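Peer 1: This is the content of start.pdb (PDB, C-alpha atoms):
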ATOM      1  CA  MET A  12     -20.969  49.744  37.612
ATOM      2  CA  SER A  13     -18.966  46.518  37.484
ATOM      3  CA  SER A  14     -15.504  45.009  37.445
ATOM      4  CA  SER A  15     -13.998  42.346  35.203
ATOM      5  CA  GLN A  16     -10.735  40.714  34.237
ATOM      6  CA  TYR A  17     -11.403  41.068  30.513
ATOM      7  CA  ARG A  18     -13.699  42.809  28.046
ATOM      8  CA  ASP A  19     -14.783  41.606  24.609
ATOM      9  CA  THR A  20     -14.789  44.220  21.845
ATOM     10  CA  ILE A  21     -15.754  44.097  18.177
ATOM     11  CA  PHE A  22     -13.084  44.545  15.489
ATOM     12  CA  VAL A  23     -13.883  45.312  11.853
ATOM     13  CA  ARG A  24     -11.586  45.459   8.829
ATOM     14  CA  VAL A  25     -12.852  47.174   5.655
ATOM     15  CA  SER A  26     -10.733  46.551   2.561
ATOM     16  CA  SER A  27     -10.975  48.059  -0.922
ATOM     17  CA  ASP A  28      -8.525  49.286  -3.582
ATOM     18  CA  GLY A  29      -5.620  47.721  -1.707
ATOM     19  CA  VAL A  30      -6.298  49.722   1.467
ATOM     20  CA  ALA A  31      -7.637  48.302   4.741
ATOM     21  CA  GLY A  32      -9.370  50.395   7.390
ATOM     22  CA  VAL A  33      -9.601  49.102  10.957
ATOM     23  CA  GLY A  34     -12.389  49.835  13.424
ATOM     24  CA  GLU A  35     -13.397  48.818  16.929
ATOM     25  CA  GLY A  36     -16.471  49.111  19.098
ATOM     26  CA  ALA A  37     -16.802  48.217  22.785
ATOM     27  CA  PRO A  38     -20.293  46.943  23.663
ATOM     28  CA  ILE A  39     -21.793  48.642  26.722
ATOM     29  CA  VAL A  40     -23.635  46.341  29.129
ATOM     30  CA  ARG A  41     -25.630  49.337  30.392
ATOM     31  CA  TYR A  42     -27.366  49.389  27.000
ATOM     32  CA  HIS A  43     -27.778  45.601  26.793
ATOM     33  CA  GLU A  44     -25.106  45.096  24.141
ATOM     34  CA  ASN A  45     -22.506  42.345  23.805
ATOM     35  CA  ALA A  46     -19.837  41.403  21.279
ATOM     36  CA  ALA A  47     -21.612  38.266  20.018
ATOM     37  CA  ASP A  48     -24.818  40.108  19.116
ATOM     38  CA  GLY A  49     -22.867  42.967  17.564
ATOM     39  CA  THR A  50     -20.814  40.613  15.421
ATOM     40  CA  LYS A  51     -23.975  38.869  14.210
ATOM     41  CA  ALA A  52     -25.563  42.222  13.372
ATOM     42  CA  ILE A  53     -22.569  43.072  11.174
ATOM     43  CA  ALA A  54     -22.767  39.681   9.452
ATOM     44  CA  ASP A  55     -26.449  40.291   8.732
ATOM     45  CA  ILE A  56     -25.773  43.520   6.831
ATOM     46  CA  MET A  57     -22.850  42.158   4.769
ATOM     47  CA  PRO A  58     -24.906  42.340   1.525
ATOM     48  CA  THR A  59     -25.113  46.116   2.035
ATOM     49  CA  LEU A  60     -21.378  46.418   2.649
ATOM     50  CA  GLN A  61     -20.198  44.231  -0.208
ATOM     51  CA  GLY A  62     -19.761  46.326  -3.306
ATOM     52  CA  ALA A  63     -20.714  49.570  -1.524
ATOM     53  CA  ASP A  64     -19.037  52.824  -2.547
ATOM     54  CA  LEU A  65     -16.925  53.554   0.533
ATOM     55  CA  TRP A  66     -16.443  57.168  -0.538
ATOM     56  CA  GLN A  67     -20.121  57.682   0.243
ATOM     57  CA  PHE A  68     -19.378  56.899   3.887
ATOM     58  CA  GLU A  69     -22.079  59.134   5.342
ATOM     59  CA  LYS A  70     -24.804  57.688   3.133
ATOM     60  CA  LEU A  71     -23.487  54.168   3.773
ATOM     61  CA  MET A  72     -23.609  54.571   7.557
ATOM     62  CA  GLU A  73     -27.143  55.987   7.325
ATOM     63  CA  THR A  74     -28.216  52.886   5.399
ATOM     64  CA  ILE A  75     -26.423  50.573   7.823
ATOM     65  CA  SER A  76     -27.941  52.312  10.850
ATOM     66  CA  SER A  77     -31.437  51.908   9.448
ATOM     67  CA  GLN A  78     -30.819  48.170   9.025
ATOM     68  CA  MET A  79     -29.260  47.593  12.463
ATOM     69  CA  GLN A  80     -31.543  48.062  15.448
ATOM     70  CA  GLY A  81     -29.448  49.297  18.362
ATOM     71  CA  GLN A  82     -25.979  47.679  18.298
ATOM     72  CA  PHE A  83     -24.189  51.007  18.584
ATOM     73  CA  ALA A  84     -20.807  49.434  19.336
ATOM     74  CA  ALA A  85     -21.035  47.426  16.118
ATOM     75  CA  LYS A  86     -21.996  50.588  14.222
ATOM     76  CA  ALA A  87     -19.051  52.380  15.812
ATOM     77  CA  ALA A  88     -16.657  49.646  14.688
ATOM     78  CA  LEU A  89     -17.920  49.920  11.113
ATOM     79  CA  ASP A  90     -17.868  53.719  11.114
ATOM     80  CA  VAL A  91     -14.318  53.898  12.518
ATOM     81  CA  ALA A  92     -13.083  51.378   9.927
ATOM     82  CA  LEU A  93     -14.701  53.408   7.129
ATOM     83  CA  MET A  94     -13.165  56.661   8.360
ATOM     84  CA  ASP A  95      -9.748  54.999   8.729
ATOM     85  CA  TRP A  96     -10.071  53.819   5.102
ATOM     86  CA  ILE A  97     -11.101  57.293   3.912
ATOM     87  CA  GLY A  98      -8.168  58.939   5.689
ATOM     88  CA  GLN A  99      -5.694  56.451   4.266
ATOM     89  CA  ARG A 100      -7.064  56.821   0.734
ATOM     90  CA  MET A 101      -6.832  60.610   1.031
ATOM     91  CA  ASN A 102      -3.371  60.241   2.614
ATOM     92  CA  VAL A 103      -4.212  62.479   5.588
ATOM     93  CA  PRO A 104      -4.650  61.841   9.327
ATOM     94  CA  LEU A 105      -8.282  62.030  10.394
ATOM     95  CA  TYR A 106      -7.757  65.177  12.442
ATOM     96  CA  ARG A 107      -6.602  66.954   9.266
ATOM     97  CA  LEU A 108      -9.631  65.654   7.396
ATOM     98  CA  PHE A 109     -11.792  67.427  10.001
ATOM     99  CA  GLY A 110      -9.710  70.611   9.854
ATOM    100  CA  LEU A 111      -8.364  70.253  13.402
ATOM    101  CA  ASP A 112      -5.053  71.279  14.986
ATOM    102  CA  ALA A 113      -3.229  68.359  16.607
ATOM    103  CA  SER A 114      -1.471  70.714  19.026
ATOM    104  CA  GLU A 115      -4.844  71.580  20.611
ATOM    105  CA  THR A 116      -5.527  68.144  22.098
ATOM    106  CA  PRO A 117      -6.556  68.275  25.772
ATOM    107  CA  VAL A 118      -5.065  66.503  28.750
ATOM    108  CA  THR A 119      -6.694  63.152  29.407
ATOM    109  CA  THR A 120      -7.678  62.013  32.855
ATOM    110  CA  PHE A 121      -6.620  58.637  34.203
ATOM    111  CA  SER A 122      -9.400  56.660  35.866
ATOM    112  CA  ILE A 123      -9.178  55.323  39.415
ATOM    113  CA  GLY A 124     -11.784  52.616  39.969
ATOM    114  CA  ILE A 125     -13.653  52.012  43.220
ATOM    115  CA  ASP A 126     -11.600  49.941  45.664
ATOM    116  CA  THR A 127     -10.412  49.837  49.265
ATOM    117  CA  PRO A 128      -8.704  52.982  50.586
ATOM    118  CA  GLU A 129      -5.279  51.307  50.579
ATOM    119  CA  ILE A 130      -5.550  50.039  47.007
ATOM    120  CA  THR A 131      -6.991  53.393  45.940
ATOM    121  CA  LYS A 132      -3.882  55.104  47.331
ATOM    122  CA  GLN A 133      -1.691  52.642  45.455
ATOM    123  CA  LYS A 134      -3.539  53.282  42.200
ATOM    124  CA  VAL A 135      -3.163  57.037  42.631
ATOM    125  CA  ARG A 136       0.586  56.696  43.203
ATOM    126  CA  GLU A 137       0.891  54.549  40.077
ATOM    127  CA  ALA A 138      -0.859  57.282  38.068
ATOM    128  CA  ASP A 139       1.791  59.843  39.009
ATOM    129  CA  GLU A 140       2.465  60.926  35.389
ATOM    130  CA  PHE A 141      -1.142  62.042  34.871
ATOM    131  CA  PRO A 142      -1.866  65.640  35.978
ATOM    132  CA  VAL A 143      -5.643  65.106  36.351
ATOM    133  CA  LEU A 144      -7.414  62.046  37.782
ATOM    134  CA  LYS A 145     -10.928  60.716  37.311
ATOM    135  CA  ILE A 146     -12.353  59.117  40.442
ATOM    136  CA  LYS A 147     -15.247  56.683  40.348
ATOM    137  CA  VAL A 148     -17.811  57.159  43.120
ATOM    138  CA  GLY A 149     -21.512  56.483  43.625
ATOM    139  CA  LEU A 150     -21.484  54.281  46.734
ATOM    140  CA  ASP A 151     -21.690  54.681  50.498
ATOM    141  CA  THR A 152     -17.877  54.736  50.546
ATOM    142  CA  ASP A 153     -17.532  57.928  48.472
ATOM    143  CA  GLU A 154     -16.106  60.082  51.250
ATOM    144  CA  ALA A 155     -13.563  57.409  52.216
ATOM    145  CA  THR A 156     -12.519  57.050  48.570
ATOM    146  CA  ILE A 157     -11.921  60.767  48.077
ATOM    147  CA  GLU A 158     -10.151  61.062  51.418
ATOM    148  CA  ALA A 159      -7.830  58.227  50.392
ATOM    149  CA  VAL A 160      -7.058  60.016  47.122
ATOM    150  CA  ARG A 161      -6.489  63.341  48.845
ATOM    151  CA  SER A 162      -4.144  61.743  51.376
ATOM    152  CA  VAL A 163      -1.616  61.098  48.584
ATOM    153  CA  THR A 164      -2.223  63.829  45.985
ATOM    154  CA  LYS A 165      -3.416  67.409  45.542
ATOM    155  CA  LYS A 166      -4.039  67.023  41.807
ATOM    156  CA  PRO A 167      -7.277  68.288  40.245
ATOM    157  CA  LEU A 168      -9.954  65.601  40.335
ATOM    158  CA  ARG A 169     -12.949  64.846  38.156
ATOM    159  CA  VAL A 170     -15.610  62.581  39.576
ATOM    160  CA  ASP A 171     -17.902  60.060  37.890
ATOM    161  CA  ALA A 172     -20.883  58.888  39.959
ATOM    162  CA  ASN A 173     -22.120  56.483  37.239
ATOM    163  CA  GLU A 174     -25.798  57.125  38.115
ATOM    164  CA  GLY A 175     -25.013  56.075  41.682
ATOM    165  CA  TRP A 176     -26.929  58.688  43.690
ATOM    166  CA  LYS A 177     -30.666  57.990  43.660
ATOM    167  CA  ASP A 178     -31.705  60.721  46.127
ATOM    168  CA  LYS A 179     -31.413  64.362  45.058
ATOM    169  CA  ASP A 180     -30.618  65.620  48.566
ATOM    170  CA  GLU A 181     -27.801  63.095  48.854
ATOM    171  CA  ALA A 182     -26.501  64.195  45.462
ATOM    172  CA  VAL A 183     -26.454  67.858  46.509
ATOM    173  CA  ARG A 184     -24.744  67.070  49.808
ATOM    174  CA  LYS A 185     -22.039  64.986  48.158
ATOM    175  CA  ILE A 186     -21.447  67.382  45.268
ATOM    176  CA  ASN A 187     -21.054  70.356  47.599
ATOM    177  CA  TRP A 188     -18.653  68.304  49.723
ATOM    178  CA  LEU A 189     -16.706  67.304  46.589
ATOM    179  CA  GLU A 190     -16.356  70.960  45.634
ATOM    180  CA  ARG A 191     -14.431  71.526  48.851
ATOM    181  CA  GLN A 192     -12.131  68.624  47.929
ATOM    182  CA  GLY A 193     -10.900  70.278  44.736
ATOM    183  CA  VAL A 194     -13.150  68.433  42.286
ATOM    184  CA  GLU A 195     -13.647  70.166  38.919
ATOM    185  CA  PHE A 196     -16.930  68.577  37.814
ATOM    186  CA  VAL A 197     -19.248  65.633  38.458
ATOM    187  CA  GLU A 198     -20.273  63.203  35.756
ATOM    188  CA  GLN A 199     -23.754  61.619  35.685
ATOM    189  CA  PRO A 200     -24.655  62.151  39.366
ATOM    190  CA  MET A 201     -28.108  60.551  39.131
ATOM    191  CA  PRO A 202     -29.754  57.877  36.945
ATOM    192  CA  ALA A 203     -30.239  58.989  33.348
ATOM    193  CA  HIS A 204     -34.040  58.966  33.540
ATOM    194  CA  MET A 205     -34.083  61.322  36.551
ATOM    195  CA  ILE A 206     -33.911  64.502  34.484
ATOM    196  CA  GLU A 207     -36.209  66.552  36.732
ATOM    197  CA  GLU A 208     -34.256  65.575  39.853
ATOM    198  CA  THR A 209     -30.954  66.386  38.147
ATOM    199  CA  ARG A 210     -32.335  69.743  37.061
ATOM    200  CA  TRP A 211     -33.163  70.449  40.729
ATOM    201  CA  VAL A 212     -29.700  69.321  41.841
ATOM    202  CA  ARG A 213     -28.040  71.613  39.326
ATOM    203  CA  LYS A 214     -29.799  74.612  40.899
ATOM    204  CA  HIS A 215     -28.361  73.749  44.310
ATOM    205  CA  VAL A 216     -24.692  73.124  43.443
ATOM    206  CA  HIS A 217     -21.835  75.095  41.916
ATOM    207  CA  LEU A 218     -19.855  72.297  40.251
ATOM    208  CA  PRO A 219     -20.656  71.613  36.587
ATOM    209  CA  LEU A 220     -22.642  68.444  35.895
ATOM    210  CA  ILE A 221     -21.718  66.356  32.846
ATOM    211  CA  ALA A 222     -24.210  63.946  31.262
ATOM    212  CA  ASP A 223     -22.915  60.529  30.225
ATOM    213  CA  GLU A 224     -25.501  57.750  30.344
ATOM    214  CA  ALA A 225     -28.185  60.381  29.669
ATOM    215  CA  ALA A 226     -26.396  61.643  26.536
ATOM    216  CA  VAL A 227     -26.814  58.834  24.020
ATOM    217  CA  SER A 228     -27.310  60.791  20.791
ATOM    218  CA  ALA A 229     -27.360  64.254  19.245
ATOM    219  CA  HIS A 230     -31.159  64.109  19.381
ATOM    220  CA  ALA A 231     -31.090  63.699  23.180
ATOM    221  CA  ILE A 232     -28.864  66.677  23.942
ATOM    222  CA  PRO A 233     -31.340  69.589  23.675
ATOM    223  CA  GLY A 234     -33.490  67.935  26.345
ATOM    224  CA  LEU A 235     -30.500  67.880  28.705
ATOM    225  CA  ALA A 236     -29.375  71.472  28.289
ATOM    226  CA  ASP A 237     -31.115  72.837  31.391
ATOM    227  CA  ALA A 238     -30.202  69.871  33.610
ATOM    228  CA  TYR A 239     -26.512  69.495  32.746
ATOM    229  CA  ASP A 240     -23.613  71.768  31.905
ATOM    230  CA  GLY A 241     -21.990  69.417  29.429
ATOM    231  CA  VAL A 242     -22.030  66.009  27.741
ATOM    232  CA  ASN A 243     -19.636  63.069  27.616
ATOM    233  CA  VAL A 244     -19.491  61.739  24.063
ATOM    234  CA  LYS A 245     -18.412  58.139  23.478
ATOM    235  CA  LEU A 246     -18.057  56.603  20.030
ATOM    236  CA  ASP A 247     -19.215  53.209  21.321
ATOM    237  CA  LYS A 248     -22.342  54.766  22.812
ATOM    238  CA  CYS A 249     -23.481  56.875  19.850
ATOM    239  CA  GLY A 250     -22.330  54.751  16.899
ATOM    240  CA  GLY A 251     -18.984  56.091  15.709
ATOM    241  CA  ILE A 252     -17.014  59.130  14.640
ATOM    242  CA  GLN A 253     -19.693  60.718  12.471
ATOM    243  CA  GLN A 254     -22.331  60.550  15.194
ATOM    244  CA  ALA A 255     -19.822  61.766  17.792
ATOM    245  CA  LEU A 256     -19.144  64.839  15.665
ATOM    246  CA  ARG A 257     -22.862  65.556  15.516
ATOM    247  CA  MET A 258     -23.150  65.302  19.284
ATOM    248  CA  ILE A 259     -20.202  67.631  19.831
ATOM    249  CA  TYR A 260     -21.546  70.290  17.478
ATOM    250  CA  VAL A 261     -25.076  70.133  18.898
ATOM    251  CA  ALA A 262     -23.714  70.502  22.433
ATOM    252  CA  LYS A 263     -21.525  73.425  21.390
ATOM    253  CA  SER A 264     -24.492  75.115  19.735
ATOM    254  CA  LEU A 265     -26.247  74.955  23.112
ATOM    255  CA  ARG A 266     -23.157  76.375  24.856
ATOM    256  CA  MET A 267     -22.603  73.151  26.748
ATOM    257  CA  LYS A 268     -19.171  71.797  27.650
ATOM    258  CA  THR A 269     -17.980  68.808  25.647
ATOM    259  CA  MET A 270     -16.005  65.770  26.707
ATOM    260  CA  LEU A 271     -14.778  62.666  24.908
ATOM    261  CA  GLY A 272     -14.869  59.434  26.882
ATOM    262  CA  CYS A 273     -14.228  55.792  26.112
ATOM    263  CA  MET A 274     -14.812  52.255  27.278
ATOM    264  CA  VAL A 275     -12.137  49.692  28.121
ATOM    265  CA  SER A 276     -10.845  49.030  24.608
ATOM    266  CA  SER A 277      -7.738  49.000  22.447
ATOM    267  CA  SER A 278      -5.875  51.866  20.807
ATOM    268  CA  VAL A 279      -8.157  51.551  17.762
ATOM    269  CA  SER A 280     -11.255  52.958  19.455
ATOM    270  CA  VAL A 281      -9.344  55.342  21.721
ATOM    271  CA  THR A 282      -7.261  56.760  18.853
ATOM    272  CA  ALA A 283     -10.404  57.288  16.781
ATOM    273  CA  ALA A 284     -11.892  59.402  19.576
ATOM    274  CA  ALA A 285      -8.585  61.197  20.132
ATOM    275  CA  HIS A 286      -8.611  62.507  16.542
ATOM    276  CA  LEU A 287     -11.709  64.534  17.520
ATOM    277  CA  SER A 288     -10.253  65.716  20.833
ATOM    278  CA  PRO A 289      -9.040  69.161  19.657
ATOM    279  CA  LEU A 290     -12.767  70.002  19.461
ATOM    280  CA  VAL A 291     -13.628  69.308  23.100
ATOM    281  CA  ASP A 292     -13.060  70.793  26.537
ATOM    282  CA  TYR A 293     -12.221  67.583  28.388
ATOM    283  CA  ALA A 294     -10.941  64.102  27.570
ATOM    284  CA  ASP A 295     -11.141  60.796  29.401
ATOM    285  CA  LEU A 296      -9.364  58.588  26.872
ATOM    286  CA  ASP A 297      -7.441  56.040  28.887
ATOM    287  CA  GLY A 298      -9.194  52.756  28.020
ATOM    288  CA  ASN A 299      -6.213  51.472  26.046
ATOM    289  CA  LEU A 300      -3.938  52.086  29.033
ATOM    290  CA  LEU A 301      -5.942  49.620  31.123
ATOM    291  CA  ILE A 302      -5.353  46.510  28.986
ATOM    292  CA  ALA A 303      -2.432  44.104  28.655
ATOM    293  CA  ASN A 304      -2.862  42.992  25.021
ATOM    294  CA  ASP A 305      -3.266  46.090  22.849
ATOM    295  CA  PRO A 306      -2.936  44.945  19.206
ATOM    296  CA  TYR A 307      -2.170  48.453  17.910
ATOM    297  CA  ARG A 308      -0.320  51.625  18.783
ATOM    298  CA  GLY A 309      -1.897  54.938  17.988
ATOM    299  CA  VAL A 310      -2.452  57.975  20.199
ATOM    300  CA  LYS A 311       0.198  58.488  22.873
ATOM    301  CA  VAL A 312       0.010  60.256  26.214
ATOM    302  CA  GLU A 313       2.864  62.542  27.274
ATOM    303  CA  LYS A 314       2.534  64.091  30.719
ATOM    304  CA  GLY A 315      -1.186  63.581  30.377
ATOM    305  CA  LYS A 316      -1.540  65.320  27.001
ATOM    306  CA  LEU A 317      -2.871  63.363  24.029
ATOM    307  CA  VAL A 318      -0.362  63.145  21.164
ATOM    308  CA  LEU A 319      -1.961  62.202  17.849
ATOM    309  CA  PRO A 320      -0.218  60.041  15.240
ATOM    310  CA  ASP A 321       0.616  61.949  12.060
ATOM    311  CA  ARG A 322       0.089  59.021   9.711
ATOM    312  CA  PRO A 323      -2.896  58.674   7.321
ATOM    313  CA  GLY A 324      -6.271  57.605   8.683
ATOM    314  CA  LEU A 325      -6.177  56.612  12.334
ATOM    315  CA  GLY A 326      -2.397  56.320  12.037
ATOM    316  CA  LEU A 327      -2.202  52.911  13.687
ATOM    317  CA  THR A 328       0.723  50.500  13.724
ATOM    318  CA  ALA A 329       0.322  46.832  14.631
ATOM    319  CA  THR A 330       2.071  45.584  17.792
ATOM    320  CA  GLY A 331       2.033  41.908  16.842
ATOM    321  CA  VAL A 332       0.052  41.004  19.976
TER     322      VAL A 332
END
As a first step, turn the structure in this file into structure tokens.
Peer 2:
Amino acid sequence: MSSSQYRDTIFVRVSSDGVAGVGEGAPIVRYHENAADGTKAIADIMPTLQGADLWQFEKLMETISSQMQGQFAAKAALDVALMDWIGQRMNVPLYRLFGLDASETPVTTFSIGIDTPEITKQKVREADEFPVLKIKVGLDTDEATIEAVRSVTKKPLRVDANEGWKDKDEAVRKINWLERQGVEFVEQPMPAHMIEETRWVRKHVHLPLIADEAAVSAHAIPGLADAYDGVNVKLDKCGGIQQALRMIYVAKSLRMKTMLGCMVSSSVSVTAAAHLSPLVDYADLDGNLLIANDPYRGVKVEKGKLVLPDRPGLGLTATGV
């Protein structure tokens, strides 16, 4: 949807009983959010936070959400910080708190942004250690982009159209062509509001369709079940770990595929999502690999597979950046 040299995110630190939890949220321009507004929204609800019982984290986030209109990245930052605090106080990594097996994390894709064919080839070569790639499309240059990728690798591909195809016939034509190029699924082929058109597209293609911009909350998922095969869950989009869990379980109850995605952000936000990754079918958690000034280390990637830290809470360590 856009390109930039930097991204502003929101960091939150929650301290009590000698323990500090850290959280992060990345505002999404698509939903008219920015870091300045999110930071102000957090400042406005400080009276609720001060003196709150952090052990009642679910009740606390419900209260906070009712006081903050929108501002899902800010809510995510608060929620992640609370859950990091809870995990540290209980002396367990978050994945253990949720009863998950760290060995069952999926492989994460590495994203290749839209660029010229030559630079696209270069980016693909630089991503050699990743067994699965995510390719951004949604423009008139889609075929040239995929052909550039395929000229240098035979790896499985996953494609994100970012709402780029506005015509359902074009979407069908491109998706069927992508199937022949070894693509595993297509994310958000049409604009989020075009549910009927997407439902029609789904009947005319074989590749699974994954909702991203259309899947903003657990409440929205049942209305997507006959138009998409799965949902991409992002903490920044839905408001944090607790809401992400709800989305994952609702999607699973509808027999939809589940995916965890991220924005361009640090290891705080990405590690928070990674702790839920043993629950999902697919992961696209590479946002921390795209920045030059990560202030923390958390989840690692080894031959594409997510490796969770085994320390309490998020399990972060400061880099000194």
Peer 1: Using the chain letters and numbers from the file, give me the residues hit by the PyMOL selection byres ((chain A and resi 226-231) around 12), as a PDB file with C-alpha atoms, in the coordinates of the input.
Peer 2:
ATOM      1  CA  ILE A  39     -21.793  48.642  26.722  1.00  0.00           C
ATOM      2  CA  ARG A  41     -25.630  49.337  30.392  1.00  0.00           C
ATOM      3  CA  TYR A  42     -27.366  49.389  27.000  1.00  0.00           C
ATOM      4  CA  GLY A  81     -29.448  49.297  18.362  1.00  0.00           C
ATOM      5  CA  PHE A  83     -24.189  51.007  18.584  1.00  0.00           C
ATOM      6  CA  GLU A 198     -20.273  63.203  35.756  1.00  0.00           C
ATOM      7  CA  GLN A 199     -23.754  61.619  35.685  1.00  0.00           C
ATOM      8  CA  PRO A 202     -29.754  57.877  36.945  1.00  0.00           C
ATOM      9  CA  ALA A 203     -30.239  58.989  33.348  1.00  0.00           C
ATOM     10  CA  HIS A 204     -34.040  58.966  33.540  1.00  0.00           C
ATOM     11  CA  ILE A 206     -33.911  64.502  34.484  1.00  0.00           C
ATOM     12  CA  ILE A 221     -21.718  66.356  32.846  1.00  0.00           C
ATOM     13  CA  ALA A 222     -24.210  63.946  31.262  1.00  0.00           C
ATOM     14  CA  ASP A 223     -22.915  60.529  30.225  1.00  0.00           C
ATOM     15  CA  GLU A 224     -25.501  57.750  30.344  1.00  0.00           C
ATOM     16  CA  ALA A 225     -28.185  60.381  29.669  1.00  0.00           C
ATOM     17  CA  ILE A 232     -28.864  66.677  23.942  1.00  0.00           C
ATOM     18  CA  PRO A 233     -31.340  69.589  23.675  1.00  0.00           C
ATOM     19  CA  GLY A 234     -33.490  67.935  26.345  1.00  0.00           C
ATOM     20  CA  LEU A 235     -30.500  67.880  28.705  1.00  0.00           C
ATOM     21  CA  ALA A 236     -29.375  71.472  28.289  1.00  0.00           C
ATOM     22  CA  ALA A 238     -30.202  69.871  33.610  1.00  0.00           C
ATOM     23  CA  TYR A 239     -26.512  69.495  32.746  1.00  0.00           C
ATOM     24  CA  ASP A 240     -23.613  71.768  31.905  1.00  0.00           C
ATOM     25  CA  GLY A 241     -21.990  69.417  29.429  1.00  0.00           C
ATOM     26  CA  VAL A 242     -22.030  66.009  27.741  1.00  0.00           C
ATOM     27  CA  ASN A 243     -19.636  63.069  27.616  1.00  0.00           C
ATOM     28  CA  VAL A 244     -19.491  61.739  24.063  1.00  0.00           C
ATOM     29  CA  LYS A 245     -18.412  58.139  23.478  1.00  0.00           C
ATOM     30  CA  LEU A 246     -18.057  56.603  20.030  1.00  0.00           C
ATOM     31  CA  ASP A 247     -19.215  53.209  21.321  1.00  0.00           C
ATOM     32  CA  LYS A 248     -22.342  54.766  22.812  1.00  0.00           C
ATOM     33  CA  CYS A 249     -23.481  56.875  19.850  1.00  0.00           C
ATOM     34  CA  GLY A 250     -22.330  54.751  16.899  1.00  0.00           C
ATOM     35  CA  GLY A 251     -18.984  56.091  15.709  1.00  0.00           C
ATOM     36  CA  GLN A 253     -19.693  60.718  12.471  1.00  0.00           C
ATOM     37  CA  GLN A 254     -22.331  60.550  15.194  1.00  0.00           C
ATOM     38  CA  ALA A 255     -19.822  61.766  17.792  1.00  0.00           C
ATOM     39  CA  LEU A 256     -19.144  64.839  15.665  1.00  0.00           C
ATOM     40  CA  ARG A 257     -22.862  65.556  15.516  1.00  0.00           C
ATOM     41  CA  MET A 258     -23.150  65.302  19.284  1.00  0.00           C
ATOM     42  CA  ILE A 259     -20.202  67.631  19.831  1.00  0.00           C
ATOM     43  CA  TYR A 260     -21.546  70.290  17.478  1.00  0.00           C
ATOM     44  CA  VAL A 261     -25.076  70.133  18.898  1.00  0.00           C
ATOM     45  CA  ALA A 262     -23.714  70.502  22.433  1.00  0.00           C
ATOM     46  CA  LYS A 263     -21.525  73.425  21.390  1.00  0.00           C
ATOM     47  CA  SER A 264     -24.492  75.115  19.735  1.00  0.00           C
ATOM     48  CA  LEU A 265     -26.247  74.955  23.112  1.00  0.00           C
ATOM     49  CA  THR A 269     -17.980  68.808  25.647  1.00  0.00           C
ATOM     50  CA  MET A 270     -16.005  65.770  26.707  1.00  0.00           C
ATOM     51  CA  LEU A 271     -14.778  62.666  24.908  1.00  0.00           C
ATOM     52  CA  GLY A 272     -14.869  59.434  26.882  1.00  0.00           C
TER      53      GLY A 272
END
Peer 1: Hey, can you pull every residue with an atom no more than 9 Å from (-10.6, 57.3, 47.6), using all atoms listed in the file, and send it as a PyMOL selection string?
Peer 2: chain A and resi 123+125-132+135+146-148+152-162
Peer 1: Atoms to include: C-alpha atoms. Write the selected residues as a CSV table (one decimal), in the frame of the given file.
Peer 2:
chain,number,residue,atom,x,y,z
A,123,ILE,CA,-9.2,55.3,39.4
A,125,ILE,CA,-13.7,52.0,43.2
A,126,ASP,CA,-11.6,49.9,45.7
A,127,THR,CA,-10.4,49.8,49.3
A,128,PRO,CA,-8.7,53.0,50.6
A,129,GLU,CA,-5.3,51.3,50.6
A,130,ILE,CA,-5.6,50.0,47.0
A,131,THR,CA,-7.0,53.4,45.9
A,132,LYS,CA,-3.9,55.1,47.3
A,135,VAL,CA,-3.2,57.0,42.6
A,146,ILE,CA,-12.4,59.1,40.4
A,147,LYS,CA,-15.2,56.7,40.3
A,148,VAL,CA,-17.8,57.2,43.1
A,152,THR,CA,-17.9,54.7,50.5
A,153,ASP,CA,-17.5,57.9,48.5
A,154,GLU,CA,-16.1,60.1,51.2
A,155,ALA,CA,-13.6,57.4,52.2
A,156,THR,CA,-12.5,57.0,48.6
A,157,ILE,CA,-11.9,60.8,48.1
A,158,GLU,CA,-10.2,61.1,51.4
A,159,ALA,CA,-7.8,58.2,50.4
A,160,VAL,CA,-7.1,60.0,47.1
A,161,ARG,CA,-6.5,63.3,48.8
A,162,SER,CA,-4.1,61.7,51.4
Peer 1: Would you translate the PyMOL selection byres ((chain A and resi 35) around 8) into the concrete set of residues it matches in this file, as a PyMOL selection string?
Peer 2: chain A and resi 20-23+33-34+36-37+84-85+87-89+91-92+277+279-280
Peer 1: Assuming 6 Å of padding per side, give the centre and edge lengths of the axis-aligned box around every listed atom of region 43-57 of chain A, in Å to one decimal and as AutoDock Vina command-line options.
Peer 2:
--center_x -23.8 --center_y 41.9 --center_z 15.8 --size_x 19.9 --size_y 19.3 --size_z 34.0
Peer 1: Using the chain letters and numbers from the file, give me the residues hit by the PyMOL selection byres ((chain A and resi 138) around 12), as a count of residues only.
Peer 2: 29
Peer 1: Would you work out the distance separating CA of Glu195 (chain A) from CA of Leu287 (chain A), expressed in Å to one decimal?
Peer 2: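 If I compute the distance from CA of Glu195 (chain A) to CA of Leu287 (chain A), I get 22.2 Å.
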Peer 1: For a quick check of understanding, using only C-alpha atoms, which of A:Val310, A:Ala303, A:Val318, A:Leu150 has the smallest distance to Val332 (chain A)?
Peer 2: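 Closest to Val332 (chain A) of all the choices is A:Ala303.
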Peer 1: In Å, how far is it from CA of Thr59 (chain A) to CA of Ser27 (chain A)?
Peer 2: 14.6 Å
Peer 1: What gap, in Å, lies between CA of Gly324 (chain A) and CA of Gly29 (chain A)?
Peer 2: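 Those two atoms sit 14.4 Å apart.
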Peer 1: Considering only C-alpha atoms, state which residue in the set A:Asp64, A:Glu44, A:Glu208, A:Asp28 is at the smallest distance from Val183 (chain A).
Peer 2: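 Nearest candidate to Val183 (chain A) out of A:Asp64, A:Glu44, A:Glu208, A:Asp28: A:Glu208.
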